Amino acid sequence: MAKPLKVASTLLLILSLCLLSATLAFSHHQREDPERQLQQCLERCTQTRQEQRHCESQCREKYEEQGREQEEGGRGGEEGRGNEQESQSPYIYEEQRFKERVRTEGGWVRVSERFGKRSDLLWGVANYRVGVMEVNPYSYVVPNHWDADAVFFVARGRATVNLLEEDNRESVEIRRGDILRIPAGTTFSIINKENNEKLRIIKFFNPVAVPGRYRAYFGPGGRDPESFFWSFSHETTSAAFGTPWERLRQIFERQDKGAIIKASQQQIQEIGRHSSEGGSWPFGRGSGQRHQSFNLFKKRATHSSNRGQLFEADRHDYEHLRDLDLKVSYTNISGGSMTAPFYNSRVTKLAFIVNGEGYVEMACPHLATRSGGGEQQRETERGQRGEEEEEEEEQTRRGEEGREEEEGRVRYQKVRARLRRNTLFVAPAGHPTVIVSTGNDNLEVLCFEVNAEGNQRYYLTGKNSIYNQMDDTELELAFNQPAREPKQIFRQQRELILLKGPEGREEEEGRRGPLDSILDFAGF
């Protein structure tokens, strides 16, 4: 009797091991083949036609998230750990953090996550988003409107923007360096009339309907892009147009090429001709028009040297930025150069890398008080708890931070991230920040600066450093030594705003003084 029991036990053990092996293999296969999961998910979407587009969007979001998890999970060594810390920073939005909204033969649109979703440290800009649109030559963006105020910056190319209103049609010719505001609810279309250059627009969104979320609404369209007229009953739509439904259906079912349509040269030229004939063209440079554009590069640079240039536009240059409390700036940093460390008194910078390579470093006291990756864990668990539980946890956390402040403890965590094309980083008010260009090409940084009214930018080193305003007694007290040495150090750097970068100063690394201790203390 013992022998059959032994055999049975052995068989059971073998079966368990086989099941465990199969489970691990399946799990490994699932992790290693997200593309297959995406395809299966998309196939299931065809079974629910009414919600197909939403379903497909959810599938792709899940696929992108799995791809990020695999990429982070596969990193190893010291370099891998450093990259993982960068990708987890709530202030850094690498290209994969942008969700693809549109992709057709005519172009594509990608939009960042809403900043408030990433971390409560970004509540000051929680509801804003930044997007990128690329329109291919001889392509047409179908008329639509947004439930958000938008500001365009043209990073590349030329195009015509048509804006439709109840009693008016206006056309704006936009080109590289132009800033154009599209008010919420304004129906517009875009035509790229160039035959050999893509149009690239960086967009700032301020949603007005649902905080942190915005959507495009297409009237002209069909199944793709879906016209919002499909949402009304047949009887209502027929009565609204004064046209039998069957005829309307034939019109609205034919469009299936997407929101950005590749067109013929003849079609594009014909649209362009009507655009220049209608409305109040030429406009954008004159007075009395409802919509205007402003070219940032036509304005004299705020700062210019062999290290690069800084261009800035505020409400005084472009009045349409006034009620958004927004400023737009563009920093062109020569290879091997850097910005002087700086901070803003009120502005939170949403900085998008248009071109080039480099890195950003920032000192953050908030992350330093959140030990053990607690911030990342909170983000993962957010949405899985009730509002009361989240509020209780937030009050507890704030209480802990408040106790640290009361006890006078100040610590900083260094935020460092590699910058390359299509990366976005957020620099909140008060955070000391430095940007370094490391490639052969210039590092070009476009910034949407939120809360611009009354802001002051303070530089921490260089000829215009705020610390050059300290008198000898203050320096003695602050550094606990005679004022002569720190005073000399602060006045050593004679350049303004844009400086020689670390690579150009390697031969001077042996010369270290009190200033280095200041920057080390601040997390640089």
# chains A, B, ... in the order shown; residues from 1 in each chain; ligands from 1
$ residues_around --residues "range 229-240 of chain A" --least-positions-apart "3" --cutoff "12 Å" --atoms "only C-alpha atoms" --output "PyMOL selection string"
chain A and resi 50+217-226+243-249+251-253
$ residues_around --residues "range 421-431 of chain A" --least-positions-apart "3" --cutoff "8 Å" --atoms "only C-alpha atoms" --output "list in words"
Tyr91, Ile92, Tyr93, Glu94, Glu95, Leu122, Tyr343, Asn344, Ser345, Arg346, Val347, Thr348, Lys349, Leu350, Ala351, Phe352, Ile353, Val354, Asn355, Gly356, Glu357, Met362, Ala363 and Cys364 of chain A
$ residues_around --residues "Arg101 in chain A" --least-positions-apart "6" --cutoff "8 Å" --atoms "only C-alpha atoms" --output "list in words"
Trp108, Val109, Arg110 and Val111 of chain A
$ write_last_selection --atoms "all heavy atoms" --output "CSV table (one decimal), in the first residue's frame"
chain,number,residue,atom,x,y,z
A,108,TRP,N,0.3,63.3,-37.2
A,108,TRP,CA,0.0,62.7,-35.9
A,108,TRP,C,-0.1,63.8,-34.8
A,108,TRP,O,0.4,64.9,-35.0
A,108,TRP,CB,1.0,61.7,-35.5
A,108,TRP,CG,2.5,62.1,-35.6
A,108,TRP,CD1,3.3,61.8,-36.6
A,108,TRP,CD2,3.2,62.9,-34.6
A,108,TRP,NE1,4.6,62.3,-36.3
A,108,TRP,CE2,4.5,63.0,-35.1
A,108,TRP,CE3,2.9,63.4,-33.4
A,108,TRP,CZ2,5.5,63.7,-34.5
A,108,TRP,CZ3,3.9,64.1,-32.7
A,108,TRP,CH2,5.2,64.3,-33.2
A,109,VAL,N,-0.7,63.4,-33.7
A,109,VAL,CA,-0.9,64.3,-32.5
A,109,VAL,C,-0.6,63.5,-31.3
A,109,VAL,O,-1.1,62.4,-31.1
A,109,VAL,CB,-2.3,64.9,-32.4
A,109,VAL,CG1,-2.4,65.7,-31.1
A,109,VAL,CG2,-2.6,65.7,-33.6
A,110,ARG,N,0.3,64.0,-30.4
A,110,ARG,CA,0.6,63.4,-29.1
A,110,ARG,C,0.4,64.4,-28.0
A,110,ARG,O,0.7,65.6,-28.2
A,110,ARG,CB,2.0,62.8,-29.0
A,110,ARG,CG,2.3,61.8,-30.1
A,110,ARG,CD,3.7,61.3,-30.0
A,110,ARG,NE,4.1,60.4,-31.1
A,110,ARG,CZ,5.2,60.5,-31.7
A,110,ARG,NH1,6.1,61.4,-31.3
A,110,ARG,NH2,5.5,59.7,-32.7
A,111,VAL,N,-0.1,64.0,-26.9
A,111,VAL,CA,-0.4,64.9,-25.7
A,111,VAL,C,0.1,64.3,-24.4
A,111,VAL,O,0.0,63.1,-24.2
A,111,VAL,CB,-2.0,65.1,-25.6
A,111,VAL,CG1,-2.3,66.1,-24.5
A,111,VAL,CG2,-2.5,65.7,-26.9
$ atom_distance --atom1 "CA of Thr438 in chain A" --atom2 "CA of Gly336 in chain A"
5.2 Å
$ closest_residue --among "A:Asn440, A:Thr104, A:Gln493, A:Gln37" --to "Met133 in chain A" --atoms "only C-alpha atoms"
A:Thr104
$ atom_distance --atom1 "CA of Arg129 in chain A" --atom2 "CA of Asp325 in chain A"
15.2 Å
$ atom_distance --atom1 "CA of Arg156 in chain A" --atom2 "CA of Glu134 in chain A"
9.2 Å
